[in-house]
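Structure data (compact mmCIF, C-alpha atoms and all ligand atoms) from model.txt:
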# COMPACT_ATOMS: atom_id res chain seq x y z
CA MET A 1 0.00 0.00 0.00
CA PRO A 2 1.47 3.42 -0.90
CA GLY A 3 2.46 5.51 2.13
CA LEU A 4 1.10 8.96 2.89
CA PRO A 5 2.57 11.71 0.74
CA GLU A 6 5.30 13.77 2.39
CA ARG A 7 4.11 17.11 3.68
CA ILE A 8 5.37 20.52 2.64
CA ALA A 9 5.00 22.98 5.51
CA ILE A 10 3.72 26.40 4.49
CA PHE A 11 5.41 29.17 6.48
CA ASP A 12 3.56 32.40 5.87
CA THR A 13 5.49 35.61 6.41
CA THR A 14 2.89 38.07 5.10
CA LEU A 15 2.74 39.72 8.52
CA ARG A 16 6.52 40.06 8.81
CA ASP A 17 8.45 40.14 5.51
CA GLY A 18 5.27 41.16 3.65
CA GLU A 19 4.54 43.90 6.08
CA GLN A 20 8.07 45.28 5.64
CA SER A 21 7.31 46.33 2.07
CA PRO A 22 6.43 49.96 1.39
CA GLY A 23 2.76 50.74 1.95
CA CYS A 24 1.99 47.37 3.55
CA SER A 25 2.24 48.14 7.24
CA MET A 26 -0.58 46.73 9.35
CA ASN A 27 -1.82 47.61 12.78
CA LEU A 28 -2.44 45.09 15.53
CA GLN A 29 -6.09 44.49 14.72
CA GLU A 30 -5.36 44.07 11.03
CA LYS A 31 -2.61 41.56 11.80
CA VAL A 32 -4.91 39.58 14.06
CA SER A 33 -7.68 39.39 11.46
CA MET A 34 -5.25 38.46 8.69
CA ALA A 35 -3.72 35.80 10.96
CA ALA A 36 -7.19 34.33 11.60
CA GLN A 37 -7.75 34.12 7.83
CA LEU A 38 -4.33 32.48 7.31
CA GLU A 39 -5.26 29.93 9.95
CA ARG A 40 -8.48 29.22 8.02
CA LEU A 41 -6.41 28.89 4.88
CA GLY A 42 -4.42 26.16 6.61
CA VAL A 43 -0.86 27.45 6.71
CA ASP A 44 1.44 25.68 9.16
CA VAL A 45 3.36 28.66 10.52
CA ILE A 46 2.49 32.34 10.75
CA GLU A 47 5.47 34.65 11.19
CA ALA A 48 3.71 37.49 12.96
CA GLY A 49 6.49 40.08 13.17
CA PHE A 50 9.88 41.15 14.46
CA PRO A 51 9.28 41.81 18.17
CA ILE A 52 12.44 43.85 18.85
CA ALA A 53 11.64 46.21 15.96
CA SER A 54 9.02 48.25 17.85
CA ASP A 55 6.54 48.05 20.70
CA GLY A 56 3.78 47.81 18.09
CA ASP A 57 5.42 44.81 16.46
CA PHE A 58 5.92 43.19 19.84
CA ALA A 59 2.24 43.69 20.73
CA ALA A 60 1.09 42.35 17.37
CA VAL A 61 3.19 39.17 17.69
CA GLN A 62 1.89 38.72 21.22
CA ALA A 63 -1.73 39.19 20.10
CA VAL A 64 -1.40 36.76 17.17
CA ALA A 65 0.32 34.26 19.49
CA ARG A 66 -2.64 34.48 21.88
CA GLU A 67 -5.32 34.24 19.18
CA CYS A 68 -4.01 31.51 16.87
CA ARG A 69 -4.27 28.14 18.55
CA THR A 70 -3.83 25.64 15.71
CA VAL A 71 -0.82 27.03 13.80
CA ALA A 72 2.72 27.64 14.98
CA VAL A 73 3.43 31.34 15.51
CA ALA A 74 6.95 32.58 14.80
CA GLY A 75 8.71 35.74 15.89
CA LEU A 76 11.86 36.91 14.10
CA CYS A 77 15.03 37.98 15.91
CA ARG A 78 18.66 38.67 15.13
CA THR A 79 21.30 36.85 17.16
CA ALA A 80 21.69 39.41 19.96
CA GLU A 81 20.57 38.21 23.38
CA VAL A 82 18.09 41.05 23.78
CA ASP A 83 16.51 40.24 20.38
CA VAL A 84 16.09 36.57 21.18
CA ALA A 85 14.68 37.31 24.64
CA ARG A 86 12.20 39.83 23.22
CA ALA A 87 10.94 37.31 20.64
CA ALA A 88 10.59 34.67 23.35
CA GLU A 89 8.61 37.08 25.51
CA ALA A 90 6.23 38.00 22.66
CA LEU A 91 5.61 34.31 21.98
CA ARG A 92 5.15 33.29 25.60
CA ASP A 93 1.40 32.59 25.28
CA ALA A 94 1.55 30.86 21.90
CA ALA A 95 0.16 27.34 21.65
CA HIS A 96 3.05 26.47 19.30
CA PRO A 97 5.83 29.06 19.59
CA ARG A 98 8.72 29.16 17.18
CA ILE A 99 11.73 31.43 17.61
CA HIS A 100 13.23 32.34 14.24
CA THR A 101 16.74 33.69 14.55
CA PHE A 102 18.93 34.79 11.67
CA VAL A 103 22.31 36.16 10.74
CA ALA A 104 23.90 36.92 7.39
CA THR A 105 26.52 34.53 6.03
CA SER A 106 27.71 36.18 2.80
CA ASP A 107 31.08 37.94 2.87
CA ILE A 108 29.48 41.07 1.47
CA HIS A 109 27.09 41.26 4.43
CA LEU A 110 29.76 40.27 6.94
CA GLU A 111 32.13 42.95 5.72
CA HIS A 112 29.79 45.85 4.96
CA LYS A 113 26.82 45.31 7.26
CA LEU A 114 27.85 43.26 10.29
CA ARG A 115 31.57 44.10 10.29
CA LYS A 116 32.24 40.66 11.70
CA SER A 117 34.58 37.87 10.77
CA ARG A 118 33.35 34.46 9.70
CA SER A 119 34.34 32.94 13.04
CA GLU A 120 32.51 35.67 14.94
CA VAL A 121 29.31 34.99 12.98
CA LEU A 122 29.72 31.28 13.64
CA GLN A 123 29.94 32.06 17.34
CA MET A 124 26.91 34.38 17.17
CA THR A 125 24.95 31.55 15.58
CA ARG A 126 25.93 29.15 18.33
CA GLU A 127 24.94 31.53 21.12
CA ALA A 128 21.66 32.66 19.57
CA VAL A 129 20.38 29.16 18.83
CA ARG A 130 21.48 27.90 22.24
CA LEU A 131 19.67 30.75 23.98
CA ALA A 132 16.57 30.37 21.83
CA ARG A 133 16.40 26.67 22.68
CA ASN A 134 16.18 27.63 26.35
CA PHE A 135 12.96 29.45 25.54
CA ALA A 136 11.34 27.27 22.87
CA ASP A 137 11.42 23.70 21.63
CA GLU A 138 11.10 24.84 18.08
CA VAL A 139 13.89 27.04 16.77
CA GLU A 140 14.42 28.02 13.16
CA PHE A 141 17.73 29.39 11.96
CA SER A 142 18.15 31.42 8.76
CA ALA A 143 21.42 32.16 6.99
CA GLU A 144 20.60 35.51 5.43
CA ASP A 145 21.93 35.98 1.89
CA ALA A 146 22.67 32.25 1.74
CA THR A 147 22.68 32.21 -2.06
CA ARG A 148 25.61 34.65 -2.22
CA SER A 149 27.52 32.93 0.59
CA ASP A 150 30.55 30.71 0.31
CA VAL A 151 29.02 27.22 0.28
CA ASP A 152 31.54 25.64 2.67
CA TYR A 153 31.05 28.45 5.16
CA LEU A 154 27.27 28.34 4.76
CA CYS A 155 27.33 24.62 5.55
CA ASP A 156 29.52 25.27 8.64
CA VAL A 157 27.07 27.86 9.97
CA LEU A 158 24.02 25.69 9.29
CA ALA A 159 25.73 22.70 10.93
CA MET A 160 26.46 24.83 13.98
CA ALA A 161 22.81 25.92 14.22
CA MET A 162 21.67 22.32 13.87
CA ASP A 163 24.11 21.05 16.49
CA GLU A 164 22.79 23.66 18.91
CA GLY A 165 19.23 22.44 18.41
CA ALA A 166 17.70 24.33 15.49
CA SER A 167 15.26 21.90 13.88
CA ILE A 168 14.50 24.07 10.84
CA LEU A 169 17.37 25.34 8.68
CA ASN A 170 16.25 28.08 6.34
CA ILE A 171 18.13 28.97 3.14
CA PRO A 172 17.04 32.45 2.05
CA ASP A 173 17.62 33.89 -1.38
CA THR A 174 17.53 37.28 0.28
CA VAL A 175 18.15 39.38 -2.81
CA GLY A 176 16.32 37.21 -5.35
CA TYR A 177 19.58 36.39 -7.12
CA THR A 178 19.60 32.64 -7.64
CA MET A 179 18.26 30.52 -10.50
CA PRO A 180 16.24 27.30 -10.19
CA GLY A 181 18.97 24.82 -11.19
CA GLU A 182 21.58 26.52 -9.05
CA PHE A 183 19.25 26.78 -6.05
CA SER A 184 18.27 23.15 -6.39
CA ARG A 185 21.96 22.17 -6.24
CA LEU A 186 22.47 24.34 -3.15
CA VAL A 187 19.58 22.67 -1.35
CA GLN A 188 20.93 19.25 -2.27
CA THR A 189 24.37 20.22 -0.96
CA VAL A 190 22.93 21.31 2.38
CA ARG A 191 20.89 18.16 2.51
CA GLN A 192 23.87 15.90 1.87
CA ARG A 193 26.58 17.77 3.74
CA VAL A 194 24.67 19.15 6.73
CA VAL A 195 21.37 17.40 7.40
CA GLY A 196 21.97 13.83 6.32
CA ASP A 197 19.41 11.56 7.95
CA ARG A 198 18.66 13.83 10.92
CA ALA A 199 15.10 14.94 11.64
CA VAL A 200 15.81 18.51 10.57
CA THR A 201 13.69 20.37 8.03
CA ILE A 202 15.26 22.30 5.18
CA SER A 203 13.32 25.47 4.47
CA VAL A 204 13.62 28.03 1.68
CA HIS A 205 12.73 31.70 1.52
CA CYS A 206 12.87 33.27 -1.93
CA HIS A 207 12.63 36.90 -2.98
CA ASN A 208 11.38 37.91 -6.39
CA ASP A 209 13.88 40.48 -7.67
CA LEU A 210 14.36 38.57 -10.94
CA GLY A 211 10.83 37.16 -10.98
CA MET A 212 12.14 33.73 -9.98
CA ALA A 213 10.84 33.37 -6.43
CA VAL A 214 8.16 30.78 -7.11
CA ALA A 215 10.26 28.85 -9.64
CA ASN A 216 13.16 28.75 -7.18
CA THR A 217 10.86 27.62 -4.38
CA LEU A 218 9.48 24.78 -6.48
CA ALA A 219 12.98 23.75 -7.55
CA ALA A 220 13.96 23.64 -3.87
CA ILE A 221 11.01 21.37 -3.04
CA ASP A 222 12.18 19.06 -5.78
CA ALA A 223 15.63 19.06 -4.19
CA GLY A 224 14.39 18.20 -0.71
CA ALA A 225 13.12 21.39 0.99
CA ARG A 226 10.11 20.55 3.13
CA GLN A 227 9.16 24.02 4.34
CA VAL A 228 8.55 26.98 2.04
CA GLU A 229 8.33 30.58 3.17
CA CYS A 230 5.98 32.81 1.24
CA THR A 231 3.44 35.63 1.42
CA MET A 232 -0.10 36.21 0.22
CA ASN A 233 -0.19 38.19 -3.01
CA GLY A 234 3.62 37.87 -3.04
CA ILE A 235 4.04 41.06 -1.01
CA GLY A 236 7.43 41.67 0.55
CA GLU A 237 10.64 43.63 0.43
CA ARG A 238 11.33 45.23 -3.00
CA ALA A 239 9.83 42.93 -5.66
CA GLY A 240 8.29 40.77 -2.95
CA ASN A 241 8.47 37.22 -1.69
CA ALA A 242 7.40 33.97 -3.29
CA SER A 243 3.66 34.11 -3.64
CA LEU A 244 1.80 31.60 -1.48
CA GLU A 245 -1.13 31.22 -3.86
CA GLU A 246 1.13 30.49 -6.82
CA ILE A 247 3.12 27.84 -4.95
CA ALA A 248 -0.08 26.28 -3.64
CA MET A 249 -1.76 26.01 -7.03
CA ALA A 250 1.41 24.93 -8.85
CA MET A 251 1.65 22.05 -6.39
CA GLN A 252 -2.03 21.21 -6.72
CA VAL A 253 -2.37 21.52 -10.49
CA ARG A 254 0.96 19.73 -11.08
CA ALA A 255 0.58 17.09 -8.40
CA ASP A 256 2.18 14.74 -10.91
CA GLN A 257 5.41 16.74 -10.46
CA PHE A 258 4.89 17.51 -6.77
CA PRO A 259 3.46 14.45 -5.05
CA PHE A 260 3.22 16.18 -1.67
CA ALA A 261 0.54 17.17 0.78
CA THR A 262 -0.06 20.55 2.39
CA GLY A 263 -2.63 21.59 4.96
CA LEU A 264 -4.03 24.26 2.65
CA ASN A 265 -7.67 24.69 1.74
CA THR A 266 -7.12 26.35 -1.62
CA ARG A 267 -10.69 27.71 -1.60
CA GLU A 268 -9.49 30.16 1.01
CA LEU A 269 -6.82 31.60 -1.32
CA TYR A 270 -8.97 34.22 -2.98
CA PRO A 271 -10.66 35.34 0.27
CA SER A 272 -7.19 35.64 1.85
CA SER A 273 -5.93 37.67 -1.09
CA GLN A 274 -8.94 39.96 -0.95
CA LEU A 275 -8.67 40.49 2.78
CA LEU A 276 -5.00 41.40 2.46
CA SER A 277 -5.74 43.82 -0.39
CA SER A 278 -8.41 45.52 1.67
CA ILE A 279 -6.08 45.80 4.67
CA VAL A 280 -3.07 47.21 2.82
CA GLY A 281 -5.26 49.31 0.55
CA PHE A 282 -4.10 48.19 -2.85
CA ASP A 283 -5.17 45.51 -5.29
CA VAL A 284 -2.94 42.95 -6.92
CA GLN A 285 -2.13 43.55 -10.57
CA PRO A 286 -5.08 42.46 -12.80
CA ASN A 287 -3.09 39.70 -14.51
CA LYS A 288 -1.61 38.31 -11.29
CA ALA A 289 -1.67 34.51 -11.41
CA ILE A 290 -4.39 32.85 -9.33
CA VAL A 291 -5.86 35.92 -7.62
CA GLY A 292 -5.75 38.73 -10.20
CA ARG A 293 -9.12 39.86 -11.48
CA ASN A 294 -8.23 38.68 -15.01
CA ALA A 295 -6.76 35.36 -13.91
CA PHE A 296 -9.86 33.49 -15.07
CA ALA A 297 -11.05 35.87 -17.77
CA HIS A 298 -10.72 33.11 -20.35
CA GLU A 299 -13.98 31.90 -18.88
CA ALA A 300 -15.79 34.39 -21.06
CA GLY A 301 -13.72 33.95 -24.18
CA ILE A 302 -13.08 30.99 -26.39
CA HIS A 303 -13.45 29.06 -23.22
CA GLN A 304 -17.17 29.15 -23.82
CA HIS A 305 -16.47 26.69 -26.55
CA GLY A 306 -14.33 24.66 -24.16
CA VAL A 307 -16.99 24.69 -21.48
CA LEU A 308 -19.46 23.29 -23.95
CA ASN A 309 -17.08 20.65 -25.26
CA ASN A 310 -14.35 19.88 -22.77
CA PRO A 311 -13.29 22.35 -20.06
CA LEU A 312 -9.77 20.92 -20.12
CA CYS A 313 -9.19 22.77 -23.41
CA TYR A 314 -8.44 26.00 -21.58
CA GLU A 315 -8.89 25.40 -17.90
CA ILE A 316 -6.07 24.04 -15.76
CA MET A 317 -7.93 25.00 -12.60
CA THR A 318 -11.34 26.39 -11.86
CA PRO A 319 -12.15 29.71 -10.23
CA GLU A 320 -14.04 27.73 -7.56
CA SER A 321 -10.90 25.78 -6.65
CA VAL A 322 -9.21 28.98 -5.44
CA GLY A 323 -12.37 30.41 -3.90
CA VAL A 324 -13.32 33.02 -6.49
CA PRO A 325 -17.00 33.57 -5.72
CA ALA A 326 -19.52 33.13 -8.48
CA ASN A 327 -21.24 36.38 -9.22
CA SER A 328 -24.47 36.56 -7.30
CA LEU A 329 -26.30 38.70 -9.85
CA VAL A 330 -29.92 37.63 -10.13
CA LEU A 331 -30.92 38.05 -13.71
CA GLY A 332 -34.27 39.53 -14.26
CA LYS A 333 -35.37 42.08 -16.85
CA HIS A 334 -34.91 45.61 -15.56
CA SER A 335 -33.58 44.56 -12.18
CA GLY A 336 -30.91 42.48 -13.94
CA ARG A 337 -29.81 45.52 -15.95
CA HIS A 338 -29.60 47.60 -12.82
CA ALA A 339 -27.71 44.89 -10.93
CA LEU A 340 -25.28 44.60 -13.83
CA ALA A 341 -24.61 48.34 -13.79
CA MET A 342 -24.09 48.21 -10.03
CA ARG A 343 -21.65 45.32 -10.29
CA TYR A 344 -19.65 47.11 -12.98
CA ALA A 345 -19.55 50.18 -10.76
CA GLU A 346 -18.24 48.05 -7.89
CA LEU A 347 -15.56 46.72 -10.22
CA GLY A 348 -14.59 50.29 -11.07
CA TYR A 349 -16.32 50.63 -14.47
CA SER A 350 -18.80 53.40 -14.89
CA LEU A 351 -20.94 52.62 -17.92
CA ALA A 352 -23.33 54.95 -19.74
CA PRO A 353 -26.93 53.65 -20.12
CA THR A 354 -26.33 52.81 -23.80
CA GLU A 355 -23.22 50.83 -22.88
CA ILE A 356 -25.16 48.97 -20.22
CA ASP A 357 -27.83 48.14 -22.80
CA SER A 358 -25.39 46.60 -25.26
CA THR A 359 -23.38 44.80 -22.58
CA TYR A 360 -26.56 43.50 -20.99
CA THR A 361 -27.55 41.73 -24.18
CA SER A 362 -24.22 39.91 -24.36
CA PHE A 363 -24.41 39.24 -20.66
CA THR A 364 -27.79 37.53 -20.77
CA GLU A 365 -26.68 35.47 -23.76
CA LEU A 366 -23.58 34.43 -21.86
CA ALA A 367 -25.62 33.73 -18.74
CA ASP A 368 -27.80 31.38 -20.77
CA ARG A 369 -24.71 29.40 -21.66
CA LYS A 370 -22.91 29.41 -18.33
CA LYS A 371 -24.00 28.25 -14.95
CA ARG A 372 -21.98 30.87 -13.15
CA ILE A 373 -20.89 34.34 -14.13
CA TYR A 374 -17.68 35.64 -12.59
CA ASP A 375 -16.39 39.17 -12.34
CA GLN A 376 -13.75 38.11 -14.82
CA ASP A 377 -16.50 37.27 -17.29
CA LEU A 378 -17.93 40.76 -16.94
CA ILE A 379 -14.54 42.32 -17.56
CA ALA A 380 -13.97 40.14 -20.60
CA LEU A 381 -17.38 41.15 -21.99
CA LEU A 382 -16.35 44.77 -21.79
CA THR A 383 -12.98 44.13 -23.39
CA ALA A 384 -14.56 42.21 -26.23
CA ARG A 385 -17.19 44.87 -26.77
CA SER A 386 -14.73 47.75 -26.93
CA LYS A 387 -12.45 45.85 -29.30
CA THR A 388 -15.40 44.98 -31.54
CA ASN A 389 -16.53 48.58 -31.67
CA GLU A 390 -13.17 49.97 -32.70
CA ALA A 391 -12.64 50.52 -36.43
CA LEU A 392 -9.05 49.42 -36.62
CA PRO A 393 -6.81 49.48 -39.66
CA ILE A 394 -6.28 45.96 -40.95
CA ASP A 395 -2.62 45.69 -39.93
CA VAL A 396 -3.42 46.82 -36.39
CA ALA A 397 -6.44 44.58 -36.18
CA ALA A 398 -4.25 41.65 -37.12
CA GLU A 399 -2.22 42.27 -34.01
CA ILE A 400 -5.12 42.09 -31.63
CA ASP A 401 -4.14 39.61 -29.01
CA VAL A 402 -5.56 36.15 -28.80
CA ALA A 403 -7.52 36.88 -25.65
CA ALA A 404 -9.49 39.65 -27.27
CA GLU A 405 -10.02 37.59 -30.40
CA THR A 406 -11.36 34.70 -28.46
CA ALA A 407 -13.58 36.86 -26.35
CA ARG A 408 -15.00 38.43 -29.52
CA TRP A 409 -15.58 34.99 -30.93
CA ALA A 410 -17.55 34.04 -27.87
CA ILE A 411 -19.78 37.09 -28.03
CA GLY A 412 -20.32 36.49 -31.73
CA SER A 413 -21.18 32.87 -31.18
CA VAL A 414 -23.54 33.41 -28.27
CA GLY A 415 -25.18 36.24 -30.13
CA ALA A 416 -25.72 34.23 -33.31
O1 LIG B 501 15.12 37.60 3.13
C1 LIG B 501 15.66 37.17 4.17
O2 LIG B 501 16.82 36.76 4.19
C2 LIG B 501 14.85 37.18 5.37
C3 LIG B 501 15.38 36.42 6.55
C4 LIG B 501 15.23 37.21 7.79
C5 LIG B 501 14.74 35.09 6.63
O3 LIG B 501 13.74 37.70 5.37
ZN ZN B 502 12.99 37.92 3.31

Kindly transcribe the structure held in the file into structure tokens.
Amino acid sequence: MPGLPERIAIFDTTLRDGEQSPGCSMNLQEKVSMAAQLERLGVDVIEAGFPIASDGDFAAVQAVARECRTVAVAGLCRTAEVDVARAAEALRDAAHPRIHTFVATSDIHLEHKLRKSRSEVLQMTREAVRLARNFADEVEFSAEDATRSDVDYLCDVLAMAMDEGASILNIPDTVGYTMPGEFSRLVQTVRQRVVGDRAVTISVHCHNDLGMAVANTLAAIDAGARQVECTMNGIGERAGNASLEEIAMAMQVRADQFPFATGLNTRELYPSSQLLSSIVGFDVQPNKAIVGRNAFAHEAGIHQHGVLNNPLCYEIMTPESVGVPANSLVLGKHSGRHALAMRYAELGYSLAPTEIDSTYTSFTELADRKKRIYDQDLIALLTARSKTNEALPIDVAAEIDVAAETARWAIGSVGA
């Protein structure tokens, strides 16, 4: 009988690394409500903040630690005694506390930021992990800027952390510099040279400066990482962190490549994304994978044809599977028209009565064909309509992208 699939632990750092990005700061109440949603989503660890950073961060970590009873709650600290003690204090009431201590290991950081020698940093690692283990059973150690560190030295530091009792060794690509093949080899090296057959989890934490964060994370899973650090909507320092929803759906849709389990309920992805957007006050880009408002817009395009024949033609996952709510418009005659106008207004489109009239016709035709109408369908209807109405020169028209073409096809076919 086949055994249970291995589990990939999801470590969410939306409230810490995510919150550090410009415009994303959250107050205590916002952190607590986002943490409750992440718990519903089924993440394994919530990193709630950096307790030494400010009294507000301390209070937020403490509040999340008190509220969240099923997930582990982590607090970040550097290696200084006062940092570690402050994190331990903030986590005192957590059901499952985790102290997450870190220090940089690349020569560039040692020389220009820490002004420490390699042996001093090794010693700092030893003392921080030892102290943290006095406060918590679960200690995670991160080697900041691991991907630009000398590999032999990186392995020495990680081995030191492990020998002192860290049970999670995190390999951050702090500046989003690595590439999937290279990162995979680094994870394998740490696995072979440091961890061996010990019960220690290799974790990865990827930034997105070159747009590689999710690809690098997936490559690391393939190479043996069993915890991934990520954020909702991919928020985080500079270009952000690996996006939780993209990792989750890549693993689910390509379970043939990633035969692992997570605790995630993917139907909570979209609600989590929406809650975060409302808290930080900005939406994700429209074409953002999984949670962008156009992510399923193909539903209204040529996909109509696919829906009628075989959904697999264009659909690798359904909007329902990530929790995108079906539009609750009740279609009647005049009330339907009014409801449609209202929904467009909510989506940020203000339509003149004549535009509503023409869109309404396409909408009812589409509604006849589809069981559910999504916001993405409404947006695609508008796109198709405006493209159809434009009198374009032939050479420009030829360049109209496939999405618009297919959407136009759908309107034409439902209207026929
Ligand atoms: O990017 C990074 O290196 C970090 C560590 C503190 C884990 O955020
Ligand atoms: Zn980071």

Grab me every residue within 7 Å of ligand LIG 501 (chain B), counting only C-alpha atoms and all ligand atoms, and send it over as a list in words.
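With only C-alpha atoms and all ligand atoms and a cut-off of 7 Å, ligand LIG 501 (chain B) is contacted by Asp17, Phe102, Ser142, Glu144, Asp145, Pro172, Asp173, Thr174, Val175, His205 and His207 of chain A.
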
Could you write out that same residue set with C-alpha atoms as an mmCIF file, in the coordinates of the input?
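What ended up in selection31.cif:
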data_model
loop_
_atom_site.group_PDB
_atom_site.id
_atom_site.type_symbol
_atom_site.label_atom_id
_atom_site.label_comp_id
_atom_site.auth_asym_id
_atom_site.auth_seq_id
_atom_site.Cartn_x
_atom_site.Cartn_y
_atom_site.Cartn_z
ATOM 1 C CA ASP A 17 8.450 40.140 5.510
ATOM 2 C CA PHE A 102 18.930 34.790 11.670
ATOM 3 C CA SER A 142 18.150 31.420 8.760
ATOM 4 C CA GLU A 144 20.600 35.510 5.430
ATOM 5 C CA ASP A 145 21.930 35.980 1.890
ATOM 6 C CA PRO A 172 17.040 32.450 2.050
ATOM 7 C CA ASP A 173 17.620 33.890 -1.380
ATOM 8 C CA THR A 174 17.530 37.280 0.280
ATOM 9 C CA VAL A 175 18.150 39.380 -2.810
ATOM 10 C CA HIS A 205 12.730 31.700 1.520
ATOM 11 C CA HIS A 207 12.630 36.900 -2.980
#

Atomic separation - atom CA of A:Val32 relative to atom CA of A:Leu91, Å:
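One can read the atom CA of A:Leu91 to atom CA of A:Val32 distance as 14.2 Å.
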
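Of the residues under consideration (A:Asn241, A:Gln188, A:Thr105, A:Asn233), A:Asn241 shows the shortest atom-to-atom contact distance to ligand ZN 502 (chain B) when counting all atoms listed in the file.
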
Interatomic distance between atom CA of A:Glu120 and atom CA of A:Ile99?
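Pair atom CA of A:Glu120 / atom CA of A:Ile99 returns 21.4 Å.
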
Report, in Å to a single decimal, how far apart atom CA of A:Phe50 and atom CA of A:Leu244 are.
20.3 Å

For the point (26.2, 27.2, 8.3) in file coordinates, what residues are within 10 Å, counting all atoms listed in the file? Give the answer as a list in words?
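Selection result: Thr105, Val121, Leu122, Thr125, Phe141, Ser142, Ala143, Ala146, Ser149, Asp150, Val151, Asp152, Tyr153, Leu154, Cys155, Asp156, Val157, Leu158, Ala159, Met160, Ala161, Met162, Leu169, Ile171, Val190 and Val194 of chain A.
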
Contacts of A:Ile279 within 10 Å, all atoms listed in the file, excl. fewer than 5 positions in-chain, as a list in words:
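Residues near the query, excluding close chain neighbours: Cys24, Ser25, Met26, Asn27, Glu30, Lys31, Ser33, Met34, Ser273 and Gln274 of chain A.
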
Proximity to A:Asp163 - best of A:Ile8, A:Ala80, A:Met179, A:Val139, only C-alpha atoms:
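Under the stated criterion, the closest residue is A:Val139.
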
Among the residues A:Ala132, A:His109, A:Cys206, A:Ile46, the one that comes closest to A:Arg69 [using all atoms listed in the file]
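Between A:Ala132, A:His109, A:Cys206, A:Ile46, the residue approaching A:Arg69 most closely is A:Ile46.
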
Would you compute, for all listed atoms of stretch 188-196 of chain A, the axis-aligned bounding box grown by 3 Å on each side, and then report its centre and edge lengths in Å rounded to one decimal, as lines of an AutoDock Vina configuration file?
center_x = 23.7
center_y = 17.6
center_z = 2.6
size_x = 11.7
size_y = 13.5
size_z = 15.7

Which is closest to A:Val73 among A:Cys230, A:Leu351, A:Ala35, A:Leu4, if we use only C-alpha atoms?
A:Ala35

Pick from A:Gly263, A:Pro180, A:Gly23, A:Gly3, whichever lies nearest to A:Gly42 using all atoms listed in the file
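Using all atoms listed in the file, the shortest distance to A:Gly42 belongs to A:Gly263.
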
If you count all atoms listed in the file, which residues fall within 10 Å of A:Thr178, apart from same-chain ones fewer than 6 positions away, as a list of chain:residue names?
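The residues that qualify are A:Ala146, A:Thr147, A:Arg148, A:Ser184, A:Leu186, A:Cys206, A:His207, A:Asn208, A:Asp209, A:Leu210, A:Met212, A:Ala213, A:Asn216.
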
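Across A:Val45, A:Ile235, A:Leu218, A:Ala199, the tightest approach to ligand ZN 502 (chain B) is made by A:Ile235 when counting all atoms listed in the file.
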
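With distances taken from (-12.6, 39.8, -14.3) and restricted to all atoms listed in the file, the residues inside 7 Å are Arg293, Asn294, Phe296, Ala297, Tyr374, Asp375, Gln376, Asp377, Leu378, Ile379 and Ala380 of chain A.
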
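With all atoms listed in the file taken into account, the protein and nucleic acid residues at most 8 Å from A:Val187 (excluding it and anything under 6 positions from it in its own chain) are Ile171, Ile202, Ala220, Ala223, Gly224 and Ala225 of chain A.
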
Give me the residues near stretch 81-83 of chain A as a PyMOL selection string, where near means some atom within 8 Å (using only C-alpha atoms) and where sequence neighbours in that chain fewer than 3 positions away do not count.
chain A and resi 51-52+77-78+86-87+128+131

List the neighbours of A:Gly236 out to 7 Å using all atoms listed in the file; skip same-chain residues closer than 3 positions along the sequence, and give me the result as number ranges by chain.
A: 17-21, 239-241
